[in-house]
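Q: My structure is in upload15.cif, and what it holds is mmCIF, C-alpha atoms and all ligand atoms:
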```cif
data_data
#
loop_
_atom_site.label_atom_id
_atom_site.label_comp_id
_atom_site.auth_asym_id
_atom_site.auth_seq_id
_atom_site.Cartn_x
_atom_site.Cartn_y
_atom_site.Cartn_z
CA MET A 1 127.74 68.14 97.41
CA ILE A 2 124.92 66.04 95.99
CA MET A 3 124.69 65.86 92.22
CA VAL A 4 122.02 64.15 90.20
CA ALA A 5 123.62 61.98 87.58
CA SER A 6 122.40 62.46 84.05
CA PHE A 7 122.69 59.22 82.15
CA ASN A 8 121.27 57.74 79.01
CA CYS A 9 117.69 56.74 79.67
CA LEU A 10 116.75 53.22 78.74
CA PRO A 11 113.14 52.16 78.31
CA ARG A 12 111.88 49.45 80.68
CA SER A 13 111.08 47.17 77.79
CA LEU A 14 114.57 47.15 76.24
CA ASP A 15 115.47 43.55 75.49
CA TYR A 16 119.12 43.13 76.40
CA ASN A 17 119.03 39.56 75.19
CA ARG A 18 118.88 40.78 71.61
CA LEU A 19 121.84 43.06 72.14
CA GLN A 20 124.21 40.74 73.90
CA SER A 21 126.02 37.69 72.70
CA ILE A 22 125.15 35.08 75.29
CA LYS A 23 128.12 33.70 77.15
CA VAL A 24 127.09 30.58 79.01
CA LEU A 25 128.71 30.04 82.38
CA PRO A 26 128.67 26.72 84.20
CA SER A 27 125.90 26.30 86.75
CA MET A 28 127.48 26.93 90.13
CA ARG A 29 126.69 28.21 93.61
CA PHE A 30 129.50 30.09 95.30
CA HIS A 31 129.56 30.43 99.07
CA THR A 32 133.09 31.83 99.28
CA THR A 33 135.03 34.98 98.58
CA GLY A 34 137.22 35.26 95.49
CA LYS A 35 136.83 35.11 91.73
CA ILE A 36 133.39 34.19 90.36
CA THR A 37 134.16 34.79 86.69
CA ASP A 38 136.65 36.88 84.70
CA GLY A 39 136.72 40.35 86.24
CA PHE A 40 134.10 39.67 88.91
CA HIS A 41 134.96 38.94 92.55
CA VAL A 42 133.44 38.66 96.01
CA ALA A 43 135.63 40.64 98.42
CA GLY A 44 136.09 40.43 102.17
CA SER A 45 133.29 38.10 103.28
CA ALA A 46 130.86 35.83 101.46
CA ALA A 47 128.29 36.41 104.23
CA VAL A 48 128.51 40.20 104.03
CA PRO A 49 130.16 40.87 100.68
CA VAL A 50 131.51 43.76 98.67
CA TYR A 51 131.30 42.87 94.96
CA VAL A 52 134.14 43.98 92.69
CA VAL A 53 133.93 44.41 88.93
CA ASN A 54 137.45 44.70 87.59
CA GLY A 55 138.33 46.26 84.25
CA GLU A 56 139.33 49.55 82.73
CA THR A 57 137.13 51.32 85.31
CA PRO A 58 136.86 49.25 88.51
CA ILE A 59 133.52 49.33 90.32
CA LEU A 60 132.33 48.20 93.75
CA PHE A 61 128.82 47.23 94.85
CA ASP A 62 127.69 47.57 98.48
CA ALA A 63 129.81 48.14 101.54
CA GLY A 64 129.01 45.43 104.12
CA PHE A 65 129.75 45.60 107.85
CA THR A 66 131.77 48.39 109.44
CA ALA A 67 133.75 45.77 111.37
CA LEU A 68 134.97 44.12 108.16
CA GLN A 69 136.42 47.31 106.67
CA HIS A 70 140.04 46.05 106.79
CA HIS A 71 139.06 42.77 105.15
CA TYR A 72 137.32 44.58 102.30
CA ILE A 73 140.09 47.11 101.74
CA ALA A 74 142.89 44.54 101.75
CA HIS A 75 141.02 42.20 99.42
CA ILE A 76 139.94 44.97 97.02
CA ARG A 77 143.54 46.27 96.81
CA LYS A 78 144.70 42.79 95.92
CA ILE A 79 142.00 42.24 93.28
CA LEU A 80 142.58 45.65 91.68
CA ASP A 81 146.38 45.51 92.03
CA LYS A 82 146.23 48.78 93.99
CA ARG A 83 144.25 50.67 91.31
CA PRO A 84 141.45 52.76 92.85
CA PRO A 85 137.81 51.87 92.30
CA ALA A 86 135.96 54.62 90.44
CA PHE A 87 132.45 53.98 91.77
CA LEU A 88 130.70 52.36 94.72
CA PHE A 89 127.06 51.53 94.00
CA ILE A 90 124.86 51.08 97.10
CA THR A 91 121.73 48.91 96.77
CA HIS A 92 119.97 50.25 99.90
CA ALA A 93 120.61 51.95 103.23
CA HIS A 94 120.58 48.90 105.52
CA PHE A 95 123.40 48.62 108.05
CA ASP A 96 124.99 45.59 106.39
CA HIS A 97 125.17 47.26 102.97
CA VAL A 98 126.59 50.67 103.93
CA GLY A 99 128.62 49.75 107.02
CA ALA A 100 132.12 50.28 105.61
CA ALA A 101 131.24 52.84 102.90
CA GLY A 102 132.78 55.73 104.84
CA TYR A 103 136.02 53.80 105.33
CA LEU A 104 136.16 52.78 101.66
CA LYS A 105 135.73 56.46 100.75
CA SER A 106 138.55 57.45 103.11
CA GLN A 107 140.84 55.01 101.27
CA TRP A 108 139.76 56.12 97.81
CA PRO A 109 138.54 59.76 98.09
CA ASP A 110 137.97 60.11 94.34
CA MET A 111 135.60 57.14 94.28
CA LYS A 112 132.00 58.28 93.65
CA ILE A 113 129.33 56.74 95.88
CA MET A 114 126.11 56.11 93.99
CA ALA A 115 122.61 55.36 95.32
CA SER A 116 118.94 56.22 94.92
CA SER A 117 117.62 59.57 96.12
CA GLN A 118 115.65 57.76 98.86
CA CYS A 119 118.83 56.05 100.05
CA ARG A 120 120.64 59.40 100.16
CA ASP A 121 117.79 60.89 102.21
CA ILE A 122 117.84 58.01 104.72
CA LEU A 123 121.60 58.39 105.16
CA GLU A 124 121.06 62.02 106.14
CA ARG A 125 118.62 61.21 108.99
CA PRO A 126 120.14 61.12 112.49
CA GLY A 127 117.69 58.43 113.64
CA ALA A 128 118.58 56.12 110.73
CA LEU A 129 122.29 56.71 111.27
CA SER A 130 122.03 55.74 114.92
CA VAL A 131 120.22 52.46 114.02
CA ILE A 132 122.85 51.69 111.37
CA SER A 133 125.58 52.47 113.88
CA GLU A 134 124.07 50.30 116.64
CA LEU A 135 123.43 47.32 114.35
CA ASN A 136 127.00 47.53 113.08
CA ARG A 137 128.24 47.59 116.68
CA GLN A 138 126.23 44.40 117.32
CA GLY A 139 127.69 43.01 114.09
CA ILE A 140 131.05 42.72 115.85
CA ASN A 141 129.53 40.12 118.18
CA SER A 142 128.00 38.26 115.27
CA LEU A 143 131.40 38.06 113.58
CA ARG A 144 132.88 36.62 116.78
CA THR A 145 130.25 33.88 116.88
CA TRP A 146 130.97 33.16 113.21
CA GLY A 147 134.65 32.71 114.08
CA VAL A 148 135.82 35.71 112.03
CA THR A 149 139.10 37.16 113.26
CA GLY A 150 140.49 40.65 112.75
CA ALA A 151 137.14 42.44 113.10
CA SER A 152 137.51 46.19 113.62
CA GLU A 153 135.91 47.81 116.66
CA ALA A 154 135.89 51.23 114.98
CA PRO A 155 132.45 52.88 114.89
CA PHE A 156 130.31 53.31 111.80
CA ILE A 157 131.02 56.64 110.13
CA PRO A 158 128.31 58.43 108.13
CA VAL A 159 128.55 58.27 104.38
CA ASP A 160 127.68 60.95 101.84
CA ILE A 161 126.13 59.92 98.54
CA ASP A 162 128.05 61.69 95.76
CA LEU A 163 125.70 60.94 92.89
CA VAL A 164 122.03 60.00 92.82
CA VAL A 165 121.15 57.37 90.22
CA ALA A 166 117.63 57.57 88.86
CA PRO A 167 115.60 54.47 87.99
CA ASP A 168 116.01 52.98 84.53
CA THR A 169 119.13 54.89 83.68
CA THR A 170 122.43 53.58 82.44
CA LEU A 171 125.87 54.81 83.39
CA ARG A 172 128.50 53.93 80.82
CA VAL A 173 131.66 53.57 82.88
CA ALA A 174 133.93 52.31 80.08
CA PRO A 175 133.53 51.56 76.35
CA ASP A 176 132.71 47.95 77.18
CA LEU A 177 130.98 48.35 80.55
CA SER A 178 127.77 49.97 81.73
CA VAL A 179 125.60 49.81 84.84
CA ASN A 180 121.83 49.88 84.47
CA THR A 181 119.90 50.95 87.56
CA ILE A 182 116.64 49.11 88.22
CA HIS A 183 114.45 50.42 91.02
CA THR A 184 113.07 47.38 92.89
CA PRO A 185 111.24 48.75 95.94
CA GLY A 186 109.84 45.57 97.59
CA HIS A 187 112.58 44.98 100.19
CA THR A 188 113.00 48.68 100.98
CA ARG A 189 111.64 51.75 99.23
CA ASP A 190 115.14 53.02 98.45
CA PHE A 191 116.26 49.81 96.76
CA ASN A 192 118.22 49.80 93.48
CA SER A 193 119.31 46.61 91.74
CA TYR A 194 122.22 46.97 89.30
CA TRP A 195 122.56 45.17 85.98
CA ILE A 196 125.75 44.97 83.92
CA PRO A 197 124.47 43.88 80.49
CA GLU A 198 127.87 43.39 78.83
CA ARG A 199 128.76 40.72 81.41
CA ARG A 200 125.22 39.66 82.29
CA ILE A 201 125.89 40.25 85.99
CA LEU A 202 122.97 41.23 88.23
CA ILE A 203 123.57 42.71 91.68
CA ALA A 204 120.09 42.10 93.05
CA SER A 205 120.88 41.59 96.73
CA GLU A 206 117.75 41.35 98.86
CA ALA A 207 115.46 42.23 95.96
CA VAL A 208 115.65 38.46 95.28
CA GLY A 209 115.99 37.24 98.89
CA CYS A 210 118.89 35.60 100.71
CA ASP A 211 120.32 32.14 100.99
CA ASP A 212 119.20 31.03 104.46
CA GLY A 213 122.15 28.72 105.13
CA THR A 214 120.06 25.55 104.84
CA GLY A 215 119.64 25.56 101.05
CA GLY A 216 116.42 27.58 101.23
CA ILE A 217 115.77 31.23 100.46
CA GLN A 218 114.73 33.82 103.03
CA THR A 219 112.19 36.03 101.33
CA GLU A 220 112.72 39.75 101.89
CA PHE A 221 109.60 41.79 101.07
CA LEU A 222 109.89 44.17 104.00
CA VAL A 223 107.74 47.01 102.72
CA ASP A 224 105.78 45.88 99.67
CA TYR A 225 104.84 42.29 98.78
CA ASP A 226 103.50 43.13 95.32
CA ALA A 227 106.48 45.29 94.36
CA TYR A 228 108.77 42.47 95.54
CA ILE A 229 107.01 39.90 93.33
CA GLU A 230 107.06 42.33 90.40
CA GLY A 231 110.77 42.92 90.97
CA LEU A 232 111.47 39.18 90.98
CA HIS A 233 109.72 38.76 87.63
CA ARG A 234 111.43 41.81 86.15
CA LEU A 235 114.92 40.74 87.23
CA LYS A 236 114.33 37.12 86.16
CA ALA A 237 113.44 38.37 82.66
CA LEU A 238 116.95 39.82 82.27
CA ARG A 239 118.29 36.23 82.23
CA PRO A 240 121.49 36.94 84.17
CA GLU A 241 124.50 34.67 83.90
CA VAL A 242 125.70 35.80 87.34
CA LEU A 243 123.18 36.55 90.10
CA CYS A 244 124.14 38.07 93.45
CA PRO A 245 121.33 37.66 96.00
CA GLY A 246 121.65 39.22 99.46
CA HIS A 247 124.47 37.54 101.42
CA ARG A 248 126.31 34.19 101.41
CA LEU A 249 125.67 33.16 97.80
CA VAL A 250 126.43 33.92 94.16
CA VAL A 251 124.70 31.80 91.51
CA THR A 252 125.79 31.29 87.89
CA GLY A 253 124.56 29.66 84.68
CA SER A 254 121.28 27.76 84.62
CA ASP A 255 121.16 27.72 88.44
CA VAL A 256 120.11 31.38 88.16
CA ASP A 257 116.72 30.44 86.70
CA ASP A 258 116.30 27.75 89.34
CA TYR A 259 117.10 30.32 92.03
CA PHE A 260 114.41 32.69 90.72
CA GLN A 261 111.80 29.90 90.68
CA ARG A 262 112.64 29.00 94.27
CA ALA A 263 112.64 32.67 95.32
CA LEU A 264 109.12 33.06 93.94
CA SER A 265 107.81 29.87 95.56
CA SER A 266 109.44 30.61 98.93
CA THR A 267 107.88 34.09 98.90
CA LEU A 268 104.42 32.63 98.39
CA HIS A 269 105.07 29.95 101.02
CA PHE A 270 106.18 32.55 103.59
CA PHE A 271 103.13 34.69 102.85
CA LYS A 272 100.79 31.75 103.41
CA THR A 273 102.60 30.63 106.57
CA VAL A 274 102.48 34.09 108.16
CA THR A 275 98.83 34.52 107.16
CA ARG A 276 97.95 31.22 108.87
CA ILE A 277 99.90 32.02 112.05
CA LEU A 278 98.51 35.55 112.22
CA GLY A 279 95.04 34.01 112.10
CA GLU A 280 95.89 31.55 114.88
CA GLU A 281 97.32 34.41 116.96
CA HIS A 282 94.22 36.58 116.41
CA GLY A 283 96.20 39.16 114.42
CA GLU A 284 98.82 39.73 117.16
CA VAL A 285 102.16 40.59 115.56
CA GLU A 286 104.66 39.81 118.35
CA PRO A 287 103.64 36.17 119.01
CA THR A 288 103.55 35.66 115.23
CA ILE A 289 107.14 36.93 114.95
CA GLU A 290 108.19 34.59 117.76
CA ARG A 291 106.68 31.55 116.03
CA ILE A 292 108.17 32.50 112.65
CA LYS A 293 111.57 32.95 114.30
CA THR A 294 111.32 29.50 115.91
CA LEU A 295 110.39 27.99 112.55
CA THR A 296 112.92 29.78 110.34
CA TRP A 297 115.82 31.29 112.31
CA ASP A 298 116.60 29.53 115.60
CA ASN A 299 118.05 26.35 114.09
CA ARG A 300 119.90 27.94 111.19
CA PRO A 301 123.64 27.27 111.01
CA LEU A 302 126.16 30.09 111.37
CA PRO A 303 126.91 32.51 109.84
CA LYS A 304 123.35 33.77 110.01
CA GLN A 305 121.57 37.10 110.16
CA PRO A 306 122.10 38.69 113.60
CA GLU A 307 119.10 38.11 115.91
CA GLN A 308 118.17 41.77 116.35
CA ALA A 309 118.30 42.38 112.59
CA TYR A 310 116.24 39.22 111.97
CA ILE A 311 113.54 40.36 114.41
CA LEU A 312 113.39 43.87 112.92
CA ASN A 313 113.20 42.37 109.45
CA THR A 314 110.51 39.84 110.38
CA ARG A 315 108.41 42.41 112.21
CA GLN A 316 108.32 44.44 109.00
CA ARG A 317 107.45 41.40 106.88
CA VAL A 318 104.62 40.39 109.23
CA MET A 319 103.27 43.96 109.32
CA THR A 320 103.40 44.12 105.51
CA ILE A 321 101.43 40.88 105.24
CA LYS A 322 98.96 41.95 107.91
CA SER A 323 98.17 45.21 106.15
CA ARG A 324 97.98 43.50 102.77
CA ILE A 325 95.53 40.79 103.83
CA SER A 326 93.24 43.45 105.29
CA GLY A 327 93.74 45.89 102.41
CA PRO A 328 92.22 46.33 98.93
CA ALA A 329 94.55 43.76 97.29
CA SER A 330 93.65 41.11 99.89
CA GLY A 331 92.06 38.70 97.44
CA ARG A 332 95.09 38.23 95.23
CA ILE A 333 98.44 36.65 95.90
CA GLU A 334 100.79 35.30 93.28
ZN ZN B 1 118.38 44.85 103.51
#
```
Rewrite the structure of this file - the entire thing - as structure tokens.
Ligand SMILES: [Zn+2]

A:
Amino acid sequence: MIMVASFNCLPRSLDYNRLQSIKVLPSMRFHTTGKITDGFHVAGSAAVPVYVVNGETPILFDAGFTALQHHYIAHIRKILDKRPPAFLFITHAHFDHVGAAGYLKSQWPDMKIMASSQCRDILERPGALSVISELNRQGINSLRTWGVTGASEAPFIPVDIDLVVAPDTTLRVAPDLSVNTIHTPGHTRDFNSYWIPERRILIASEAVGCDDGTGGIQTEFLVDYDAYIEGLHRLKALRPEVLCPGHRLVVTGSDVDDYFQRALSSTLHFFKTVTRILGEEHGEVEPTIERIKTLTWDNRPLPKQPEQAYILNTRQRVMTIKSRISGPASGRIE
């Protein structure tokens, strides 16, 4: 049964910085699984992670690849010393963020799965479920090329969202721990970022892009360039101490601000590059995708985004730019 969670509403303008004592972490970039800071861990795979917040009420964020289910479950059990997680927060309904959710639920049936209403709706559509299932099946091959052993060949199983989390609401999960939901709809329309003010941890995932494996950032505005830029500014203003972008990387301390600056500049650079190539290709999307792929994906080191997922993603980004440069906001980019 779907329930709509009723939480304390927080105004957009609430300044957490005045409420929190600032704990300064060293500037670091983590590309591995394991402990990031006290009570915060990357489980299963750095490339396709499940994030674990340990404490009185353990919480998980995102559910990775179906094929990595055993890796996640074993690692989470170890981190939590066999205590069950109480919540799993999903950022968005892409295959590599919900892949093992059904298996995590089967291990911990009392765990509540949380997501936006749009995410819940997508996960009820047969067409979306078959794309998620197929991309997770292809994910097994990606894991092989990355040298990952012990991948499961079990199929994706559909996942029910237990509780819908509305934008700008806060769930207090323990006296000293809350999760603030921030709707950031630039990557996908269903996207929620999650902010833990007491620990200054931000699960932003692809709302702030992805490490591209070469030290750069792959920008991720699939559906809305302007909402993506707005989301970057909004999340940057929180001044996180721990930032989790989409895949392969966790950033801490003053490197967080540097990451946000680079995310903003790489977004603008990608926009300009695609605009130029679209012009050279007379507005044709497919040859533009091919040239962008040659420039930004072909020579990336492993582990990297699977080819089919990269092409789907880039087609959406190119289409978003194409409609924006011919639309009413065409004169303004920032
Ligand atoms: Zn995504």

Q: Give me the residues of chain A that have any atom at most 12 Å from an atom of ligand ZN 1 (chain B); for each, the nearest atom pair and the distance in Å, rounded to one decimal. Use all atoms listed in the file, sort by chain and number, and format it as a tab-separated table.

A:
```
residue	atom	partner	partner_atom	distance
A:Val48	CA	B:ZN1	ZN	11.2
A:Asp62	CA	B:ZN1	ZN	10.9
A:Gly64	CA	B:ZN1	ZN	10.7
A:Ile90	CA	B:ZN1	ZN	11.0
A:Thr91	CA	B:ZN1	ZN	8.6
A:His92	CA	B:ZN1	ZN	6.7
A:Ala93	CA	B:ZN1	ZN	7.4
A:His94	CA	B:ZN1	ZN	5.0
A:Phe95	CA	B:ZN1	ZN	7.7
A:Asp96	CA	B:ZN1	ZN	7.2
A:His97	CA	B:ZN1	ZN	7.2
A:Val98	CA	B:ZN1	ZN	10.1
A:Gly99	CA	B:ZN1	ZN	11.9
A:Cys119	CA	B:ZN1	ZN	11.7
A:Ile132	CA	B:ZN1	ZN	11.3
A:Pro185	CA	B:ZN1	ZN	11.1
A:Gly186	CA	B:ZN1	ZN	10.4
A:His187	CA	B:ZN1	ZN	6.7
A:Thr188	CA	B:ZN1	ZN	7.1
A:Arg189	CA	B:ZN1	ZN	10.6
A:Asp190	CA	B:ZN1	ZN	10.1
A:Phe191	CA	B:ZN1	ZN	8.6
A:Asn192	CA	B:ZN1	ZN	11.2
A:Ser193	CA	B:ZN1	ZN	11.9
A:Ala204	CA	B:ZN1	ZN	10.9
A:Ser205	CA	B:ZN1	ZN	7.9
A:Glu206	CA	B:ZN1	ZN	5.9
A:Ala207	CA	B:ZN1	ZN	8.5
A:Val208	CA	B:ZN1	ZN	10.8
A:Gly209	CA	B:ZN1	ZN	9.2
A:Cys210	CA	B:ZN1	ZN	9.7
A:Gln218	CA	B:ZN1	ZN	11.6
A:Thr219	CA	B:ZN1	ZN	11.0
A:Glu220	CA	B:ZN1	ZN	7.8
A:Phe221	CA	B:ZN1	ZN	9.6
A:Leu222	CA	B:ZN1	ZN	8.5
A:Val223	CA	B:ZN1	ZN	10.9
A:Pro245	CA	B:ZN1	ZN	10.8
A:Gly246	CA	B:ZN1	ZN	7.7
A:His247	CA	B:ZN1	ZN	9.7
A:Gln305	CA	B:ZN1	ZN	10.7
A:Ala309	CA	B:ZN1	ZN	9.4
A:Tyr310	CA	B:ZN1	ZN	10.4
A:Leu312	CA	B:ZN1	ZN	10.7
A:Asn313	CA	B:ZN1	ZN	8.3
A:Thr314	CA	B:ZN1	ZN	11.6
A:Gln316	CA	B:ZN1	ZN	11.5
A:Arg317	CA	B:ZN1	ZN	11.9
```

Q: Between atom CA of A:Val148 and atom CA of A:Val50, what distance in Å does the model show, to one decimal?

A: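 These two atoms are separated by 16.2 Å.
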
Q: Taking (129.9, 38.6, 89.3) as a centre in this file's frame and 12 Å as the limit, can you find every polymer residue with an atom that close, using all atoms listed in the file, and give them as a PyMOL selection string?

A: chain A and resi 25+28-30+33-43+49-54+59-61+194-204+240-245+249-253

Q: I need every residue sitting at most 8 Å from the point (135.1, 45.9, 78.1) (coordinates as in the file, all atoms listed in the file considered), written as a ChimeraX atom specification.

A: /A:55-56,174-177,198

Q: Would you mind reading off the distance between atom CA of A:Leu302 and atom CA of A:Phe65, one decimal, in Å?

A: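 Taking atom CA of A:Leu302 and atom CA of A:Phe65, their separation equals 16.3 Å.
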
Q: Enter the distance from atom CA of A:Thr320 to atom CA of A:Tyr228, in Å, rounded to one decimal.

A: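 For atom CA of A:Thr320 relative to atom CA of A:Tyr228, the distance reads 11.4 Å.
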
Q: Could you pull the residues within 10 Å of A:Asp110, counting all atoms listed in the file, minus those fewer than 5 positions along the same chain, as a list in words?

A: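 My reading of the contact set: Pro84, Pro85, Ala86, Phe87 and Lys105 of chain A.
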
Q: What's the 7 Å shell around A:Thr66, counting all atoms listed in the file, without same-chain residues fewer than 5 positions away, as a list in words?

A: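 Those residues are Gly99, Ala100, Asn136 and Phe156 of chain A.
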
Q: Counting all atoms listed in the file, which of A:Val165, A:Leu104, A:Ile229, A:Ile157 gets nearest to A:Leu123?

A: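 That would be A:Ile157, the residue with the smallest distance to A:Leu123.
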
Q: Please provide as a PyMOL selection string all residues within 7 Å of stretch 138-144 of chain A, with the sequence filter that same-chain residues fewer than 4 positions apart are discarded (counting only C-alpha atoms).

A: chain A and resi 67+134+148+151+306
